[in-house]
Amino acid sequence: MGALDLDDGPLRLHFIPYPSPGHMIPLCDIARLFASRGHHVTIITTNSNAHTLRKFVSHRLRLHTVNFPSRQLGLPEGVENLAAVNSLEDSARVHEAAMLLRGPIEWFLERNPVDCIVADFFFPWVHDVATKLRIPRLVFNGFSLFALCAMHSMYANDNVVRDLPHRITLNATPPKALVDLTKPLLQTEVKSHGIIVNNFAELDGEEYIQHYEKTTGHKAWHVGPVSQICRTAEEKTERGQESVVSAHKCLSWLNSKRANSVLYICFGSINQFSDKQLYETACAVEASGCDFVWVVPEKKGKENESKEEREKWLPKGFEKRNVTKGMIIRGWAPQVLILGHVAVGAFLTHCGWNSTVEAVSAGVPMITWPVHDEQFYNEKLISEVRGIGVEVGAEEWDVIGFVEKKKVVGRESIEKAVRRLMDGGDEAQQIRRRARELGKKARAAVEEGGSSHKNLTSLIDELKRLRECRKSNNNPV
Ligand code: UDP
């Protein structure tokens with residue numbers, strides 16, 4: 001059937017996000033992207049997680065909620081997300097509870113057939129359901145394609161990354177538990193109709209897109225950076241969770257600073273550092289002499305402790321001494337808003353993929369400090385492959401950010417890396433120029449005619465084609 005014969009009616013899609021901000025925020029942005037093109041999407045989630053999404057509900061974007069079995073797993077009522085816990089044990093409980101959502105979600109999927117199911121790779125069972133229902137399944141895992149290529153290579157070559165378009169030597173080895181968790185998930189993922197990637201083709205690079213498709217036989221659709229869907233300061237501030245500071249407060253503070261003079265520090269939504277590590281970081285930031293915005297997550301489960309107790313890591317007099325130089329945000333920060341301000345000159349980051357691609361979109365160079373998941377791969381894309389950041393020298397790879405780290409990254413290494421970017425020497429200027437150029441490409445990618453905009457159009461066409469095949473009884477899946 002030719003393209004002109006396609007039924008042009010809106011597609012219907014179900015989205016199933018995994019309950020962790022790093023997975024949920026971008027997948028819900030992707031759902032919004034489809035809705036913005038006139039398609040009908042339903043996000044299937046749980047009650048607490050639905051809370052932050054209600055503002056997006058329209059006749060094109062609906063929510064379907066199922067109960068999260070918190071009690072069954074011994075979690076407090078309302079704790080339904082990895083960002084709501086602070087221990088390895090509780091994170092395992094949240095994961096287990098998420099796996100128990102299969103029953104109610106499958107029940108819903110069977111009674112509400114659609115044209116496509118887009119599910120997080122942490123729900124491999126969707127493969128069986130989609131196959132049974134003869135519905136195309138797309139996977140989202142929140143990784144860059146570069147990281148995926150590296151993971152596939154590592155898993156095929158006994159923990160060594162090789163045969164990639166660039167020679168990559170990682171600064172650490174992934175923990176066995178992480179490999180055991182992700183390896184089978186990636187094997188199921190490649191049986192899907194394709195993956196949706198929160199990145200733009202120019203950052204992963206054509207060489208990695210071809211490498212991925214050649215080595216896995218699987219299709220990747222780059223439709224990002226998806227954070228670009230937030231246009232106004234309000235949308236940027238409300239992305240994910242509600243920010244603890246207003247857009248106005250952030251912007252007026254940043255407006256008082258020179259261009260590229262502020263270091264932004266944030267380690268994502270999950271990672272928790274020890275008091276010793278926080279102390280070293282504070283000493284390094286102060287010694288570097290630059291202005292800063294530092295996001296320090298509230299320690300969950302420690303709400304009843306006094307502020308002094310919770311913040312005993314803070315060097316004596318730190319806040320008083322830095323009253324005009326720094327802003328500490330305790331809790332959820334409006335990251336996309338902050339990164340987009342001209343005063344921000346560098347981002348000290350754990351290299352979570354969302355944070356990385358958000359920094360790239362804003363043209364902000366990075367100081368890389370990977371901690372868990374696939375962040376050590378992202379670090380190499382940033383520092384060695386694209387040359388838009390410098391490494392702090394972290395060498396301890398956790399399964400997840402709650403684990404008490406054995407090594408502390410010393411203040412000297414942190415200060416040195418910060419100075420490399422913030423002191424404005426030749427190297428810093430070159431890195432900044434490359435970051436700025438990539439930022440322009442990132443923003444152009446999502447505009448009409450840009451690579452991600454076109455990819456979304458061809459993905460939509462492909463799903464329409466599959467719908468036609470189903471109608472005429474040819475199994476498309
Ligand atoms: N984020 C935010 N404010 C915060 C902490 C995190 O907006 O205070 C957002 C950030 O912009 C990103 C996501 O949460 O979109 C974190 O995802 P990432 O992949 O960077 O790291 P993870 O939290 O999964 O480790």
# chains A, B, ... in the order shown; residues from 1 in each chain; ligands from 1
$ residues_around --residues "range 310-320 of chain A" --least-positions-apart "2" --cutoff "6 Å" --atoms "only C-alpha atoms" --output "PDB file with C-alpha atoms, in the first residue's frame"
ATOM      1  CA  ASP A 275      28.211  13.533  54.453  1.00  0.00           C
ATOM      2  CA  TYR A 279      31.788  18.133  52.723  1.00  0.00           C
ATOM      3  CA  LYS A 307      18.277  21.158  60.021  1.00  0.00           C
ATOM      4  CA  GLU A 308      21.645  21.204  61.848  1.00  0.00           C
ATOM      5  CA  ASN A 322      28.828  32.486  50.281  1.00  0.00           C
ATOM      6  CA  VAL A 323      25.645  34.415  50.767  1.00  0.00           C
TER       7      VAL A 323
END
$ closest_atom_pairs --of "chain A" --to "ligand 1" --cutoff "6 Å" --atoms "only C-alpha atoms and all ligand atoms" --output "Markdown table"
| residue | atom | partner | partner_atom_place_in_ligand_line | distance |
| --- | --- | --- | --- | --- |
| A:Pro21 | CA | ligand 1 | 14 (O) | 5.5 |
| A:Gly22 | CA | ligand 1 | 24 (O) | 3.4 |
| A:Gly268 | CA | ligand 1 | 23 (O) | 3.8 |
| A:Ser269 | CA | ligand 1 | 23 (O) | 3.5 |
| A:Ile270 | CA | ligand 1 | 23 (O) | 5.0 |
| A:Trp332 | CA | ligand 1 | 8 (O) | 3.6 |
| A:Ala333 | CA | ligand 1 | 8 (O) | 3.7 |
| A:Pro334 | CA | ligand 1 | 7 (O) | 5.0 |
| A:Gln335 | CA | ligand 1 | 7 (O) | 4.3 |
| A:Val336 | CA | ligand 1 | 11 (O) | 5.7 |
| A:Gly352 | CA | ligand 1 | 20 (O) | 3.6 |
| A:Trp353 | CA | ligand 1 | 19 (O) | 4.3 |
| A:Asn354 | CA | ligand 1 | 19 (O) | 3.8 |
| A:Ser355 | CA | ligand 1 | 20 (O) | 3.6 |
$ residues_around --residues "range 37-46 of chain A" --least-positions-apart "2" --cutoff "6 Å" --atoms "only C-alpha atoms" --output "mmCIF file with C-alpha atoms, in the first residue's frame"
data_model
loop_
_atom_site.group_PDB
_atom_site.id
_atom_site.type_symbol
_atom_site.label_atom_id
_atom_site.label_comp_id
_atom_site.auth_asym_id
_atom_site.auth_seq_id
_atom_site.Cartn_x
_atom_site.Cartn_y
_atom_site.Cartn_z
ATOM 1 C CA PRO A 10 -5.091 9.875 14.782
ATOM 2 C CA LEU A 11 -3.133 6.999 16.233
ATOM 3 C CA ARG A 12 -3.958 5.625 19.640
ATOM 4 C CA LEU A 13 -1.011 4.796 21.858
ATOM 5 C CA HIS A 14 -0.497 3.558 25.409
ATOM 6 C CA PHE A 15 2.594 4.681 27.346
ATOM 7 C CA ILE A 16 3.849 2.711 30.355
ATOM 8 C CA PHE A 34 2.629 12.465 20.105
ATOM 9 C CA ALA A 35 -0.373 14.320 21.556
ATOM 10 C CA SER A 48 0.999 9.111 43.305
ATOM 11 C CA ASN A 49 2.877 9.205 40.014
ATOM 12 C CA ALA A 50 -0.163 10.533 38.184
ATOM 13 C CA ARG A 60 -5.653 13.849 23.503
ATOM 14 C CA LEU A 61 -3.715 12.905 26.630
ATOM 15 C CA ARG A 62 -5.384 10.761 29.250
ATOM 16 C CA LEU A 63 -4.181 9.040 32.369
ATOM 17 C CA HIS A 64 -5.170 5.561 33.432
ATOM 18 C CA THR A 65 -4.188 4.732 36.996
ATOM 19 C CA VAL A 66 -3.671 1.370 38.624
ATOM 20 C CA ASN A 67 -2.981 0.700 42.292
ATOM 21 C CA PHE A 68 0.626 0.468 43.388
#
$ residues_around --residues "Trp107 in chain A" --least-positions-apart "5" --cutoff "10 Å" --atoms "only C-alpha atoms" --output "PyMOL selection string"
chain A and resi 102+112+129
$ closest_residue --among "A:Gly340, A:Pro365, A:Gly345, A:Gly410" --to "Lys276 in chain A" --atoms "only C-alpha atoms"
A:Gly410
$ residues_around --residues "Arg420 in chain A" --least-positions-apart "4" --cutoff "12 Å" --atoms "only C-alpha atoms" --output "list in words"
Ser288, Gly345, Ala346, Pro365, Met366, Ile367, Gly389, Val390, Glu391, Val392, Ser413, Ile414, Glu415, Lys416, Gly424, Gly425, Asp426, Glu427, Ala428, Gln429, Gln430, Ile431 and Arg432 of chain A
$ select_by_dssp --residues "range 388-431 of chain A" --states "alpha helix (DSSP H)" --output "compact mmCIF listing (two decimals) with N, CA and C atoms, in the first residue's frame"
# COMPACT_ATOMS: atom_id res chain seq x y z
N ARG A 411 38.59 16.74 47.30
CA ARG A 411 38.33 18.14 46.93
C ARG A 411 39.29 18.65 45.84
N GLU A 412 40.54 18.13 45.86
CA GLU A 412 41.52 18.63 44.87
C GLU A 412 41.08 18.27 43.45
N SER A 413 40.62 17.00 43.28
CA SER A 413 40.19 16.57 41.93
C SER A 413 38.98 17.38 41.49
N ILE A 414 38.07 17.62 42.42
CA ILE A 414 36.85 18.36 42.05
C ILE A 414 37.23 19.80 41.66
N GLU A 415 38.03 20.43 42.51
CA GLU A 415 38.41 21.82 42.25
C GLU A 415 39.16 21.95 40.92
N LYS A 416 40.06 21.00 40.68
CA LYS A 416 40.86 21.05 39.45
C LYS A 416 39.95 20.98 38.21
N ALA A 417 38.99 20.05 38.26
CA ALA A 417 38.09 19.89 37.10
C ALA A 417 37.22 21.14 36.93
N VAL A 418 36.75 21.70 38.05
CA VAL A 418 35.92 22.91 37.97
C VAL A 418 36.73 24.05 37.36
N ARG A 419 37.95 24.20 37.82
CA ARG A 419 38.79 25.29 37.29
C ARG A 419 39.09 25.12 35.80
N ARG A 420 39.27 23.86 35.39
CA ARG A 420 39.57 23.62 33.96
C ARG A 420 38.50 24.23 33.07
N LEU A 421 37.26 24.19 33.53
CA LEU A 421 36.18 24.76 32.70
C LEU A 421 35.85 26.20 33.03
N MET A 422 35.96 26.55 34.31
CA MET A 422 35.46 27.87 34.73
C MET A 422 36.52 28.96 34.67
N ASP A 426 42.33 28.44 27.23
CA ASP A 426 42.11 28.01 25.84
C ASP A 426 41.28 26.74 25.76
N GLU A 427 41.67 25.76 26.61
CA GLU A 427 40.95 24.47 26.58
C GLU A 427 39.47 24.70 26.89
N ALA A 428 39.21 25.52 27.93
CA ALA A 428 37.82 25.79 28.33
C ALA A 428 37.05 26.45 27.20
N GLN A 429 37.74 27.37 26.52
CA GLN A 429 37.04 28.08 25.43
C GLN A 429 36.67 27.16 24.29
N GLN A 430 37.58 26.23 24.00
CA GLN A 430 37.28 25.28 22.91
C GLN A 430 36.12 24.36 23.30
N ILE A 431 36.16 23.90 24.54
CA ILE A 431 35.08 23.01 25.01
C ILE A 431 33.75 23.77 24.97
$ residues_around --residues "Val262 in chain A" --least-positions-apart "4" --cutoff "8 Å" --atoms "only C-alpha atoms" --output "list in words"
Lys257, Arg258, Cys290, Asp291, Phe292, Val293, Ala343, Val344, Gly345 and Ala346 of chain A
$ write_last_selection --atoms "C-alpha atoms" --output "compact mmCIF listing (two decimals), in the first residue's frame"
# COMPACT_ATOMS: atom_id res chain seq x y z
CA LYS A 257 25.39 37.09 37.57
CA ARG A 258 27.72 37.48 34.61
CA CYS A 290 33.09 30.54 41.38
CA ASP A 291 29.46 31.38 41.90
CA PHE A 292 27.23 28.33 42.14
CA VAL A 293 23.76 26.87 42.29
CA ALA A 343 24.86 32.88 33.57
CA VAL A 344 25.41 29.11 33.83
CA GLY A 345 28.92 28.32 32.63
CA ALA A 346 29.28 24.64 33.56
$ residues_around --residues "range 248-251 of chain A" --least-positions-apart "2" --cutoff "10 Å" --atoms "only C-alpha atoms" --output "list in words"
Ala233, Glu234, Thr237, Val245, Ser246, Trp253, Leu254, Asn255, Ser256, Val293, Met327, Ile329, Ala333, Pro334, Leu337, Ile338, His341 and Ala343 of chain A
$ decode --residues "range 98-120 of chain A" --atoms "N, CA and C atoms" --output "short mmCIF file (atom, residue, chain, number, x, y, z; two decimals), in the first residue's frame"
data_model
loop_
_atom_site.label_atom_id
_atom_site.label_comp_id
_atom_site.auth_asym_id
_atom_site.auth_seq_id
_atom_site.Cartn_x
_atom_site.Cartn_y
_atom_site.Cartn_z
N ALA A 98 6.62 -2.44 41.23
CA ALA A 98 6.38 -2.04 39.83
C ALA A 98 6.18 -3.28 38.95
N MET A 99 6.91 -4.35 39.28
CA MET A 99 6.77 -5.58 38.49
C MET A 99 5.39 -6.21 38.69
N LEU A 100 4.81 -5.97 39.89
CA LEU A 100 3.48 -6.53 40.18
C LEU A 100 2.36 -5.78 39.45
N LEU A 101 2.72 -4.70 38.78
CA LEU A 101 1.68 -3.94 38.05
C LEU A 101 1.25 -4.68 36.79
N ARG A 102 1.97 -5.74 36.46
CA ARG A 102 1.65 -6.46 35.22
C ARG A 102 0.16 -6.85 35.15
N GLY A 103 -0.35 -7.43 36.24
CA GLY A 103 -1.75 -7.92 36.24
C GLY A 103 -2.74 -6.83 35.82
N PRO A 104 -2.83 -5.73 36.61
CA PRO A 104 -3.81 -4.70 36.27
C PRO A 104 -3.53 -4.00 34.93
N ILE A 105 -2.26 -3.86 34.57
CA ILE A 105 -1.98 -3.18 33.29
C ILE A 105 -2.37 -4.11 32.13
N GLU A 106 -2.04 -5.38 32.26
CA GLU A 106 -2.37 -6.33 31.19
C GLU A 106 -3.90 -6.39 31.00
N TRP A 107 -4.60 -6.38 32.11
CA TRP A 107 -6.08 -6.41 32.08
C TRP A 107 -6.57 -5.21 31.25
N PHE A 108 -5.99 -4.03 31.53
CA PHE A 108 -6.39 -2.81 30.82
C PHE A 108 -6.02 -2.88 29.33
N LEU A 109 -4.80 -3.34 29.05
CA LEU A 109 -4.34 -3.40 27.65
C LEU A 109 -5.24 -4.32 26.82
N GLU A 110 -5.64 -5.43 27.42
CA GLU A 110 -6.46 -6.38 26.67
C GLU A 110 -7.83 -5.81 26.33
N ARG A 111 -8.34 -4.99 27.22
CA ARG A 111 -9.68 -4.41 26.99
C ARG A 111 -9.66 -3.10 26.23
N ASN A 112 -8.47 -2.54 26.04
CA ASN A 112 -8.36 -1.25 25.34
C ASN A 112 -7.28 -1.31 24.27
N PRO A 113 -7.55 -2.06 23.21
CA PRO A 113 -6.52 -2.22 22.18
C PRO A 113 -6.20 -0.89 21.49
N VAL A 114 -4.93 -0.73 21.16
CA VAL A 114 -4.47 0.52 20.53
C VAL A 114 -3.58 0.20 19.32
N ASP A 115 -3.01 1.24 18.73
CA ASP A 115 -2.15 1.04 17.56
C ASP A 115 -0.70 0.77 17.94
N CYS A 116 -0.34 1.14 19.19
CA CYS A 116 1.06 0.93 19.61
C CYS A 116 1.16 1.03 21.13
N ILE A 117 2.03 0.20 21.71
CA ILE A 117 2.32 0.32 23.14
C ILE A 117 3.78 0.75 23.26
N VAL A 118 4.00 1.82 24.01
CA VAL A 118 5.38 2.29 24.25
C VAL A 118 5.65 2.05 25.74
N ALA A 119 6.54 1.11 26.02
CA ALA A 119 6.77 0.77 27.43
C ALA A 119 8.24 0.86 27.78
N ASP A 120 8.49 1.17 29.05
CA ASP A 120 9.87 1.19 29.54
C ASP A 120 10.46 -0.22 29.44
#
